[in-house]
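File shown: coords_38.txt. Contents: compact mmCIF, C-alpha atoms and all ligand atoms.
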# COMPACT_ATOMS: atom_id res chain seq x y z
CA MET A 1 87.76 123.03 111.30
CA LYS A 2 91.33 122.67 110.06
CA LYS A 3 91.99 123.88 106.53
CA LEU A 4 92.81 121.10 104.08
CA ILE A 5 96.13 121.86 102.42
CA ILE A 6 96.51 121.11 98.70
CA SER A 7 100.07 120.67 97.46
CA PRO A 8 100.43 120.04 93.71
CA SER A 9 103.50 118.02 92.78
CA ILE A 10 105.74 119.71 90.24
CA LEU A 11 106.68 116.28 88.93
CA SER A 12 103.70 116.71 86.62
CA ALA A 13 104.48 120.34 85.80
CA ASP A 14 106.41 121.75 82.88
CA PHE A 15 109.87 122.26 84.42
CA TYR A 16 110.79 124.68 81.69
CA ASN A 17 107.80 126.90 82.45
CA LEU A 18 107.56 126.21 86.11
CA GLU A 19 106.96 129.79 87.12
CA LYS A 20 103.96 129.98 84.83
CA ASP A 21 102.54 126.71 86.14
CA ALA A 22 103.17 127.78 89.72
CA GLU A 23 101.39 131.10 89.16
CA GLU A 24 98.39 129.27 87.77
CA LEU A 25 98.40 126.77 90.64
CA LYS A 26 98.41 129.61 93.13
CA LYS A 27 95.58 131.39 91.36
CA CYS A 28 93.57 128.18 91.44
CA GLY A 29 93.94 127.78 95.20
CA ALA A 30 97.03 125.61 95.74
CA ASP A 31 98.60 126.17 99.14
CA THR A 32 102.13 124.86 98.64
CA LEU A 33 104.24 123.36 95.88
CA HIS A 34 105.44 119.77 96.34
CA VAL A 35 108.97 119.37 94.98
CA ASP A 36 110.02 115.77 94.28
CA VAL A 37 113.80 115.35 94.37
CA MET A 38 114.96 111.95 93.05
CA ASP A 39 118.52 110.72 92.63
CA GLY A 40 118.20 107.57 90.49
CA SER A 41 119.47 105.49 93.42
CA PHE A 42 116.97 105.67 96.26
CA VAL A 43 114.30 105.56 93.55
CA ASN A 44 114.52 104.59 89.91
CA ASN A 45 114.10 108.06 88.54
CA ILE A 46 116.05 111.29 88.41
CA THR A 47 114.40 114.68 88.65
CA ILE A 48 116.00 117.83 89.95
CA GLY A 49 118.62 118.78 92.54
CA GLN A 50 119.49 121.58 94.88
CA ALA A 51 120.67 123.98 92.16
CA PHE A 52 117.22 123.91 90.60
CA VAL A 53 115.42 124.33 93.91
CA GLN A 54 117.70 127.21 94.84
CA SER A 55 117.17 128.94 91.53
CA ILE A 56 113.37 128.77 91.70
CA ALA A 57 113.22 129.58 95.42
CA GLU A 58 112.97 133.32 94.96
CA SER A 59 110.55 133.32 92.10
CA VAL A 60 107.96 130.65 92.87
CA PRO A 61 104.86 132.26 94.34
CA LEU A 62 104.10 129.41 96.76
CA PRO A 63 105.98 127.91 99.69
CA MET A 64 107.70 124.66 98.72
CA ASP A 65 107.56 121.31 100.42
CA VAL A 66 110.67 119.42 99.44
CA HIS A 67 110.37 115.62 99.28
CA LEU A 68 113.86 114.12 99.23
CA MET A 69 113.97 110.69 97.60
CA ILE A 70 117.75 110.50 97.70
CA ASP A 71 120.34 108.38 99.49
CA ARG A 72 121.97 109.90 102.56
CA PRO A 73 120.01 113.16 102.48
CA GLU A 74 122.03 114.37 105.48
CA ARG A 75 124.71 115.42 102.97
CA PHE A 76 122.44 118.01 101.38
CA ILE A 77 120.05 119.39 103.99
CA LYS A 78 121.74 122.80 104.09
CA ASP A 79 121.50 123.08 100.30
CA TYR A 80 117.73 122.66 100.38
CA ALA A 81 117.18 124.90 103.38
CA VAL A 82 116.55 127.97 101.27
CA GLU A 83 114.05 130.76 101.15
CA ASN A 84 110.48 129.68 100.47
CA VAL A 85 111.04 126.08 101.61
CA ASN A 86 108.47 125.25 104.25
CA ASN A 87 109.45 121.73 105.09
CA ILE A 88 111.92 119.04 104.07
CA CYS A 89 110.78 115.43 104.06
CA VAL A 90 113.13 112.45 104.23
CA HIS A 91 112.63 108.68 104.12
CA PRO A 92 113.84 106.58 107.09
CA GLU A 93 115.45 104.00 104.77
CA SER A 94 117.53 106.64 103.03
CA THR A 95 119.60 107.53 106.06
CA ASP A 96 121.45 105.62 108.77
CA HIS A 97 120.80 108.54 111.09
CA LEU A 98 117.16 109.57 110.90
CA ASP A 99 117.32 111.34 114.25
CA GLY A 100 120.45 113.25 113.23
CA THR A 101 119.02 114.18 109.85
CA LEU A 102 115.83 115.53 111.44
CA GLN A 103 117.96 117.40 113.94
CA GLN A 104 119.86 118.98 111.04
CA ILE A 105 116.61 120.09 109.39
CA MET A 106 115.39 121.53 112.69
CA GLU A 107 118.57 123.52 113.04
CA THR A 108 117.92 125.24 109.72
CA GLY A 109 114.60 126.50 111.12
CA ILE A 110 112.60 124.60 108.50
CA LYS A 111 109.84 122.14 109.39
CA THR A 112 110.78 118.46 109.39
CA GLY A 113 108.95 115.68 107.60
CA VAL A 114 109.22 111.91 107.43
CA ALA A 115 107.86 110.08 104.38
CA LEU A 116 106.88 106.44 104.84
CA ASN A 117 106.90 104.07 101.89
CA PRO A 118 103.90 101.72 101.66
CA ALA A 119 105.77 98.86 103.37
CA THR A 120 107.48 101.03 105.98
CA PRO A 121 105.82 100.74 109.38
CA LEU A 122 104.67 103.69 111.47
CA ALA A 123 106.86 102.21 114.19
CA SER A 124 109.90 103.72 112.46
CA LEU A 125 108.71 107.05 113.89
CA GLN A 126 108.64 105.83 117.46
CA TRP A 127 111.87 107.31 118.75
CA VAL A 128 111.88 110.46 116.64
CA ILE A 129 108.30 111.65 116.95
CA ASP A 130 109.29 114.66 119.06
CA LYS A 131 111.37 115.87 116.11
CA VAL A 132 108.64 115.44 113.46
CA ASP A 133 106.42 118.25 112.17
CA LEU A 134 104.89 116.37 109.23
CA ILE A 135 104.27 112.69 108.50
CA MET A 136 103.85 111.83 104.84
CA ILE A 137 102.14 108.53 104.10
CA MET A 138 103.17 107.33 100.65
CA THR A 139 100.22 105.78 98.87
CA VAL A 140 102.32 104.69 95.88
CA ASN A 141 105.83 103.33 95.72
CA PRO A 142 107.90 106.45 95.17
CA GLY A 143 109.63 107.18 91.89
CA PHE A 144 106.98 108.22 89.44
CA GLY A 145 103.90 110.34 89.13
CA GLY A 146 100.65 108.99 87.71
CA GLN A 147 100.56 105.73 89.67
CA LYS A 148 97.47 104.20 91.19
CA PHE A 149 96.58 104.94 94.81
CA ILE A 150 97.19 101.89 97.04
CA LYS A 151 93.90 101.50 98.90
CA ALA A 152 95.44 99.29 101.58
CA MET A 153 97.09 102.46 102.90
CA LEU A 154 93.79 103.86 104.23
CA PRO A 155 94.09 102.04 107.60
CA LYS A 156 97.69 103.21 107.80
CA ILE A 157 96.51 106.80 107.43
CA GLU A 158 93.99 106.15 110.24
CA GLN A 159 96.72 104.71 112.45
CA ALA A 160 98.99 107.66 111.70
CA ARG A 161 96.16 109.96 112.79
CA GLU A 162 95.86 108.04 116.08
CA LEU A 163 99.59 108.22 116.58
CA ILE A 164 99.50 112.00 116.07
CA ASP A 165 96.55 112.45 118.40
CA ASP A 166 98.31 110.34 121.04
CA ALA A 167 101.52 112.30 120.61
CA GLY A 168 99.57 115.39 121.61
CA LYS A 169 101.58 117.45 119.14
CA ASP A 170 100.34 119.35 116.13
CA ILE A 171 101.89 117.14 113.45
CA ILE A 172 100.63 117.53 109.89
CA LEU A 173 99.40 114.32 108.24
CA ALA A 174 100.15 114.37 104.53
CA VAL A 175 99.32 111.79 101.86
CA ASP A 176 101.32 111.50 98.65
CA GLY A 177 100.63 109.36 95.59
CA GLY A 178 97.66 108.74 93.35
CA VAL A 179 95.44 111.28 95.11
CA THR A 180 92.37 112.21 93.05
CA GLY A 181 88.99 113.83 93.51
CA ASP A 182 87.52 110.34 93.82
CA ASN A 183 89.68 109.09 96.67
CA ALA A 184 90.32 112.41 98.45
CA PRO A 185 87.15 112.17 100.62
CA GLU A 186 88.15 108.79 102.07
CA ILE A 187 91.76 109.93 102.55
CA VAL A 188 90.58 112.99 104.46
CA ALA A 189 88.02 110.94 106.40
CA ALA A 190 90.91 108.67 107.44
CA GLY A 191 92.59 111.69 109.00
CA ALA A 192 94.77 113.40 106.39
CA ASP A 193 95.02 117.16 106.45
CA TYR A 194 97.44 117.64 103.57
CA LEU A 195 97.04 116.24 100.06
CA VAL A 196 99.88 116.02 97.56
CA SER A 197 98.59 115.54 94.04
CA GLY A 198 100.44 115.64 90.74
CA SER A 199 98.93 114.10 87.65
CA TYR A 200 95.33 114.60 88.77
CA ILE A 201 95.89 118.35 88.90
CA LEU A 202 98.39 118.93 86.12
CA SER A 203 97.74 116.27 83.51
CA ASN A 204 94.04 115.73 83.85
CA LYS A 205 92.30 115.11 80.52
CA ASN A 206 88.86 115.98 81.86
CA LEU A 207 89.37 118.75 84.38
CA SER A 208 91.15 122.08 84.31
CA VAL A 209 93.69 122.83 87.03
CA GLN A 210 91.09 125.01 88.72
CA GLN A 211 88.44 122.28 88.62
CA ALA A 212 90.83 119.56 89.83
CA ILE A 213 91.95 121.63 92.82
CA ALA A 214 88.33 122.50 93.58
CA GLU A 215 87.46 118.77 93.56
CA LEU A 216 90.24 118.05 96.04
CA GLN A 217 89.20 120.94 98.25
CA LYS A 218 85.70 119.49 98.43
CA ALA A 219 86.97 116.56 100.49
CA GLU A 220 85.81 117.67 103.87
CA THR A 221 88.51 118.08 106.39
CA ARG A 222 88.67 116.39 109.79
CA LYS A 223 86.66 118.11 112.46
C1 LIG B 1 106.05 109.89 93.82
C2 LIG B 1 106.05 111.33 94.26
C3 LIG B 1 104.71 111.96 94.28
C4 LIG B 1 104.07 112.03 92.93
C5 LIG B 1 102.64 112.42 93.02
O1 LIG B 1 107.32 109.39 93.95
O2 LIG B 1 106.60 111.45 95.54
O3 LIG B 1 104.78 113.25 94.86
O4 LIG B 1 104.69 112.97 92.12
O5 LIG B 1 102.10 112.37 91.75
P1 LIG B 1 100.70 111.66 91.47
O6 LIG B 1 99.69 112.48 92.20
O7 LIG B 1 100.56 111.72 89.99
O8 LIG B 1 100.79 110.27 92.04
ZN ZN B 2 106.37 113.37 96.56
What would you get if you wrote out this structure as structure tokens?
Amino acid sequence: MKKLIISPSILSADFYNLEKDAEELKKCGADTLHVDVMDGSFVNNITIGQAFVQSIAESVPLPMDVHLMIDRPERFIKDYAVENVNNICVHPESTDHLDGTLQQIMETGIKTGVALNPATPLASLQWVIDKVDLIMIMTVNPGFGGQKFIKAMLPKIEQARELIDDAGKDIILAVDGGVTGDNAPEIVAAGADYLVSGSYILSNKNLSVQQAIAELQKAETRK
């Protein structure tokens, strides 16, 4: 059975005390740290940039998965290809040259990822699938943490799973947005093997970080 990966989003963390939060997340069983980079143009929010990612790279105790929600990410790939970054995810709409951008990521030796907005079809992966290590199905419209999971994305997750199985390549299927202990079982049953979760883990009024991660881990992984 494949291990289900839990990746807390630092969007819901305390940026000022990130190291402390990251230590706790690791202790509680998180596998990676999801880093949401937003530029105020591709999405209506601004978070952090490459200087921040570079400065935490050496000290965070978990590998980072960098989710670039920025226009023309091809300009900055090298800046994010730093120590401790496991994969870099880009959105097809953000670049005129998805193939070239993925190629650039590959050349840094870091895993590639493509994030698909709710309305973006899986077909946008058709001609680049051989360059993709991770597909991230967005189950909210990107920009903010704490939004509600869009249930209509469940069949899309199933179709992404089929696409991966047909591709005959070990591509990770990640889901990002509104993931909670309640919906994690159906997300995993649909074929996901990687859950990004922000507010449920880090600003949960009822559960501790440890309990929230344990709830997510309970979602049985695909056999
Ligand atoms: C949304 C981000 C997500 C978000 C997840 O634009 O890409 O990673 O932070 O947070 P929750 O789990 O609160 O939806
Ligand atoms: Zn994200």
Selection within 10 Å of ligand ZN 2 (chain B) by all atoms listed in the file, output as a PyMOL selection string
chain A and resi 7-11+34-38+65-69+89+115+136-138+140+142-145+175-177+196-198
Could you write out the selected residues, including C-alpha atoms, as a compact mmCIF listing (two decimals), keeping the file's coordinate frame?
# COMPACT_ATOMS: atom_id res chain seq x y z
CA SER A 7 100.07 120.67 97.46
CA PRO A 8 100.43 120.04 93.71
CA SER A 9 103.50 118.02 92.78
CA ILE A 10 105.74 119.71 90.24
CA LEU A 11 106.68 116.28 88.93
CA HIS A 34 105.44 119.77 96.34
CA VAL A 35 108.97 119.37 94.98
CA ASP A 36 110.02 115.77 94.28
CA VAL A 37 113.80 115.35 94.37
CA MET A 38 114.96 111.95 93.05
CA ASP A 65 107.56 121.31 100.42
CA VAL A 66 110.67 119.42 99.44
CA HIS A 67 110.37 115.62 99.28
CA LEU A 68 113.86 114.12 99.23
CA MET A 69 113.97 110.69 97.60
CA CYS A 89 110.78 115.43 104.06
CA ALA A 115 107.86 110.08 104.38
CA MET A 136 103.85 111.83 104.84
CA ILE A 137 102.14 108.53 104.10
CA MET A 138 103.17 107.33 100.65
CA VAL A 140 102.32 104.69 95.88
CA PRO A 142 107.90 106.45 95.17
CA GLY A 143 109.63 107.18 91.89
CA PHE A 144 106.98 108.22 89.44
CA GLY A 145 103.90 110.34 89.13
CA VAL A 175 99.32 111.79 101.86
CA ASP A 176 101.32 111.50 98.65
CA GLY A 177 100.63 109.36 95.59
CA VAL A 196 99.88 116.02 97.56
CA SER A 197 98.59 115.54 94.04
CA GLY A 198 100.44 115.64 90.74
Fewer than 2 positions away in the same chain doesn't count, so skip those; otherwise give me all residues within 9 Å of Lys218 in chain A, counting all atoms listed in the file, as a compact mmCIF listing (two decimals) with C-alpha atoms, keeping the file's coordinate frame.
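The result, written out as result37.txt:
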# COMPACT_ATOMS: atom_id res chain seq x y z
CA GLY A 181 88.99 113.83 93.51
CA ALA A 184 90.32 112.41 98.45
CA PRO A 185 87.15 112.17 100.62
CA ILE A 213 91.95 121.63 92.82
CA ALA A 214 88.33 122.50 93.58
CA GLU A 215 87.46 118.77 93.56
CA LEU A 216 90.24 118.05 96.04
CA GLU A 220 85.81 117.67 103.87
CA THR A 221 88.51 118.08 106.39
List the spatial neighbours of Tyr16 in chain A as a PyMOL selection string - criterion: any atom at most 12 Å away, all atoms listed in the file, same-chain residues fewer than 6 positions off excluded.
chain A and resi 10+22+48+52+56
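Residues surrounding Thr112 in chain A within 9 Å are Asn86, Asn87, Ile88, Cys89, Val90, Leu102, Gln103, Ile105, Met106, Lys131, Val132, Asp133, Leu134 and Ile135 of chain A [all atoms listed in the file; sequence separation below 3 positions excluded].
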Can you work out the spacing between CA of Asp21 in chain A and CA of Asn45 in chain A in Å, to one decimal?
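Separation between CA of Asp21 in chain A and CA of Asn45 in chain A: 22.1 Å.
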List every protein, DNA or RNA residue with an atom no more than 9 Å from (99.5, 112.7, 81.7) in the file's coordinates, counting only C-alpha atoms, and format the result as a ChimeraX atom specification.
/A:12,145-146,199-200,202-205
